[in-house]
Amino acid sequence: MSSDSAPINLTHHFLIAMPGLEDEPFARSVVYLCEHSERGALGLIINKPSDITLKGLFDKVGLSLRREDLRAEPVFQGGPVQTERGFVLHDPMLMNRAETDESAYASTMTIPGGLEMTTSKDVLEALSTGAGPRRVLVTLGYSSWGEGQLESELAENAWLTVAADLSVIFDTPVSQRYDKALALLGLQAWMLSPDVGHA
């Protein structure tokens with residue numbers, strides 16, 4: 001890092017793929033960044049559903065799912081790393097015990113901005129009983145960038161960035177999440193088309 005540029009921290013931001021970024025799984029993707037530091041970045045793609053539902057995932061791990069609101073929700077393709085492993089993005093779970101302010105789950109990353117990301121099965125076990133966090137997004141796999149890698153992709157205009165809006169993650173139909181994320185910047189997909197002005 002040169003001394004004249006402060007490191008950027010895009011934790012709790014969306015990365016929105018530019019049209020020129022055609023590599024799967026990132027084409028037309030929206031990535032929620034859980035962590036970004038000088039060591040690199042980690043995020044989850046929030047708009048690429050797999051063909052597995054949450055009920056199907058719970059069946060696979062031998063749990064029942066008593067949350068009717070979640071049964072038909074898709075499991076997302078969170079990125080190309082560790083695709084056999086589950087990652088749960090969720091509202092913070094507050095402990096009833098006053099003496100602790102830690103997360104209710106093991107293996108949980110608290111994300112500045114109001115969400116938590118858990119990789120342990122206990123969050124699924126809580127959901128299976130009808131409890132657990134109110135809002136969840138479950139992915140298989142995650143996306144990661146090594147030191148300086150994301151910064152160089154940003155410099156190459158592979159991504160747009162915008163502060164995350166949780167309603168895009170939890171309240172927006174999957175097919176509209178890319179456009180909704182762009183709208184946070186006042187943009188529409190056609191404005192980014194490489195073909196604009198070449199009638």
# chains A, B, ... in the order shown; residues from 1 in each chain; ligands from 1
>>> residues_around(residues="segment 181-185 of chain A", least_positions_apart="6", cutoff="8 Å", atoms="only C-alpha atoms", output="list of chain:residue names")
A:Phe14, A:Ile16, A:Val30, A:Val162, A:Val168
>>> residues_around(residues="His36 of chain A", least_positions_apart="2", cutoff="6 Å", atoms="only C-alpha atoms", output="PDB file with N, CA and C atoms, in the first residue's frame")
ATOM      1  N   ASN A   9     -12.095   0.112   3.487  1.00  0.00           N
ATOM      2  CA  ASN A   9     -12.740  -0.996   4.184  1.00  0.00           C
ATOM      3  C   ASN A   9     -14.175  -1.074   3.685  1.00  0.00           C
ATOM      4  N   LEU A  10     -14.473  -2.139   2.951  1.00  0.00           N
ATOM      5  CA  LEU A  10     -15.805  -2.292   2.366  1.00  0.00           C
ATOM      6  C   LEU A  10     -16.644  -3.337   3.109  1.00  0.00           C
ATOM      7  N   THR A  11     -16.289  -3.619   4.365  1.00  0.00           N
ATOM      8  CA  THR A  11     -17.125  -4.495   5.187  1.00  0.00           C
ATOM      9  C   THR A  11     -18.547  -3.916   5.220  1.00  0.00           C
ATOM     10  N   GLY A  40      -7.280  -9.042   3.049  1.00  0.00           N
ATOM     11  CA  GLY A  40      -8.142  -9.587   2.000  1.00  0.00           C
ATOM     12  C   GLY A  40      -9.604  -9.366   2.326  1.00  0.00           C
ATOM     13  N   ALA A  41     -10.473 -10.108   1.631  1.00  0.00           N
ATOM     14  CA  ALA A  41     -11.915  -9.905   1.804  1.00  0.00           C
ATOM     15  C   ALA A  41     -12.650 -11.233   1.730  1.00  0.00           C
TER      16      ALA A  41
END
>>> atom_distance(atom1="atom CA of Met93 of chain A", atom2="atom CA of Thr118 of chain A")
10.8 Å
>>> residues_around(residues="Asp179 of chain A", least_positions_apart="4", cutoff="12 Å", atoms="only C-alpha atoms", output="mmCIF file with C-alpha atoms, in the first residue's frame")
data_model
loop_
_atom_site.group_PDB
_atom_site.id
_atom_site.type_symbol
_atom_site.label_atom_id
_atom_site.label_comp_id
_atom_site.auth_asym_id
_atom_site.auth_seq_id
_atom_site.Cartn_x
_atom_site.Cartn_y
_atom_site.Cartn_z
ATOM 1 C CA ILE A 16 -22.076 -5.371 -7.756
ATOM 2 C CA ALA A 17 -20.581 -7.092 -10.792
ATOM 3 C CA MET A 18 -20.056 -4.884 -13.828
ATOM 4 C CA ARG A 28 -24.418 -10.332 -12.588
ATOM 5 C CA SER A 29 -23.700 -11.127 -8.955
ATOM 6 C CA VAL A 30 -24.245 -9.107 -5.814
ATOM 7 C CA ASN A 47 -28.486 -13.487 -5.699
ATOM 8 C CA VAL A 168 -32.026 -6.145 -0.584
ATOM 9 C CA THR A 172 -36.234 -8.370 -2.227
ATOM 10 C CA PRO A 173 -37.118 -11.239 -4.603
ATOM 11 C CA VAL A 174 -33.930 -12.962 -5.769
ATOM 12 C CA SER A 175 -34.465 -12.016 -9.426
ATOM 13 C CA ALA A 183 -30.641 1.339 -7.705
ATOM 14 C CA LEU A 184 -28.884 2.144 -4.409
ATOM 15 C CA LEU A 185 -26.346 3.940 -6.623
ATOM 16 C CA GLY A 186 -29.059 5.540 -8.751
ATOM 17 C CA LEU A 187 -28.165 3.239 -11.641
ATOM 18 C CA GLN A 188 -29.995 0.809 -13.894
ATOM 19 C CA ALA A 189 -28.431 -2.153 -15.659
ATOM 20 C CA TRP A 190 -28.874 -0.650 -19.146
ATOM 21 C CA MET A 191 -26.703 2.327 -18.146
ATOM 22 C CA LEU A 192 -23.757 -0.041 -17.641
#
>>> closest_residue(among="A:Glu156, A:Glu84, A:Glu24, A:Asp91", to="Val123 of chain A", atoms="only C-alpha atoms")
A:Asp91
>>> closest_residue(among="A:Ser64, A:Thr139, A:Thr108, A:Ser193", to="Lys48 of chain A", atoms="only C-alpha atoms")
A:Thr139
>>> select_by_dssp(residues="chain A", states="strand (DSSP E or B)", output="MDAnalysis selection string")
chainID A and resid 13:17 30:37 40:45 49:53 74:77 81:90 108:111 115:118 136:145 159:163
>>> write_last_selection(atoms="C-alpha atoms", output="mmCIF file, in the first residue's frame")
data_model
loop_
_atom_site.group_PDB
_atom_site.id
_atom_site.type_symbol
_atom_site.label_atom_id
_atom_site.label_comp_id
_atom_site.auth_asym_id
_atom_site.auth_seq_id
_atom_site.Cartn_x
_atom_site.Cartn_y
_atom_site.Cartn_z
ATOM 1 C CA HIS A 13 -20.972 -3.226 1.509
ATOM 2 C CA PHE A 14 -22.306 -4.796 -1.653
ATOM 3 C CA LEU A 15 -20.019 -5.586 -4.565
ATOM 4 C CA ILE A 16 -22.076 -5.371 -7.756
ATOM 5 C CA ALA A 17 -20.581 -7.092 -10.792
ATOM 6 C CA VAL A 30 -24.245 -9.107 -5.814
ATOM 7 C CA VAL A 31 -21.765 -10.012 -3.075
ATOM 8 C CA TYR A 32 -22.324 -9.003 0.547
ATOM 9 C CA LEU A 33 -18.885 -8.368 2.092
ATOM 10 C CA CYS A 34 -18.698 -9.818 5.598
ATOM 11 C CA GLU A 35 -15.088 -8.796 6.115
ATOM 12 C CA HIS A 36 -12.555 -6.604 4.335
ATOM 13 C CA SER A 37 -9.137 -5.670 5.637
ATOM 14 C CA GLY A 40 -8.142 -9.587 2.000
ATOM 15 C CA ALA A 41 -11.915 -9.905 1.804
ATOM 16 C CA LEU A 42 -14.646 -12.472 2.410
ATOM 17 C CA GLY A 43 -18.204 -12.266 1.133
ATOM 18 C CA LEU A 44 -21.328 -14.187 0.175
ATOM 19 C CA ILE A 45 -23.158 -13.967 -3.162
ATOM 20 C CA PRO A 49 -29.848 -19.542 -5.790
ATOM 21 C CA SER A 50 -28.878 -23.198 -6.024
ATOM 22 C CA ASP A 51 -31.451 -25.884 -6.781
ATOM 23 C CA ILE A 52 -31.562 -26.882 -3.087
ATOM 24 C CA THR A 53 -34.236 -25.490 -0.762
ATOM 25 C CA PRO A 74 -33.348 -21.411 -1.687
ATOM 26 C CA VAL A 75 -29.866 -22.192 -0.491
ATOM 27 C CA PHE A 76 -27.547 -19.789 -2.337
ATOM 28 C CA GLN A 77 -24.270 -20.369 -4.146
ATOM 29 C CA VAL A 81 -14.594 -21.528 -2.084
ATOM 30 C CA GLN A 82 -15.583 -24.457 0.208
ATOM 31 C CA THR A 83 -18.787 -25.162 -1.718
ATOM 32 C CA GLU A 84 -19.566 -28.173 0.458
ATOM 33 C CA ARG A 85 -19.734 -25.991 3.576
ATOM 34 C CA GLY A 86 -22.696 -23.963 4.819
ATOM 35 C CA PHE A 87 -22.615 -20.292 5.739
ATOM 36 C CA VAL A 88 -25.562 -18.587 7.436
ATOM 37 C CA LEU A 89 -25.998 -14.818 7.207
ATOM 38 C CA HIS A 90 -28.502 -13.748 9.853
ATOM 39 C CA THR A 108 -19.878 -16.625 14.407
ATOM 40 C CA MET A 109 -18.439 -13.486 12.851
ATOM 41 C CA THR A 110 -20.121 -10.272 13.971
ATOM 42 C CA ILE A 111 -20.251 -7.876 11.028
ATOM 43 C CA LEU A 115 -25.544 -8.906 10.803
ATOM 44 C CA GLU A 116 -23.755 -12.047 11.879
ATOM 45 C CA MET A 117 -22.352 -14.887 9.775
ATOM 46 C CA THR A 118 -22.246 -18.342 11.349
ATOM 47 C CA VAL A 136 -31.497 -15.843 7.427
ATOM 48 C CA LEU A 137 -29.740 -16.373 4.115
ATOM 49 C CA VAL A 138 -27.940 -19.703 3.782
ATOM 50 C CA THR A 139 -25.173 -20.291 1.240
ATOM 51 C CA LEU A 140 -22.963 -23.166 0.270
ATOM 52 C CA GLY A 141 -19.503 -21.764 -0.295
ATOM 53 C CA TYR A 142 -18.157 -18.253 -0.033
ATOM 54 C CA SER A 143 -16.162 -15.736 -2.049
ATOM 55 C CA SER A 144 -12.727 -14.564 -1.009
ATOM 56 C CA TRP A 145 -9.981 -12.280 -2.199
ATOM 57 C CA TRP A 159 -17.167 -4.104 -9.431
ATOM 58 C CA LEU A 160 -19.300 -1.233 -8.222
ATOM 59 C CA THR A 161 -19.569 -0.806 -4.456
ATOM 60 C CA VAL A 162 -22.334 0.582 -2.274
ATOM 61 C CA ALA A 163 -23.176 0.428 1.427
#
>>> closest_residue(among="A:Pro25, A:Ala72, A:Ala106, A:Gly79", to="Gly56 of chain A", atoms="only C-alpha atoms")
A:Ala72
>>> atom_distance(atom1="atom CA of His12 of chain A", atom2="atom CA of Gly130 of chain A")
27.7 Å
>>> atom_distance(atom1="atom CA of Asp23 of chain A", atom2="atom CA of Ile169 of chain A")
22.3 Å
>>> closest_residue(among="A:Glu125, A:Glu38, A:Glu151, A:Glu22", to="Gly62 of chain A", atoms="only C-alpha atoms")
A:Glu125
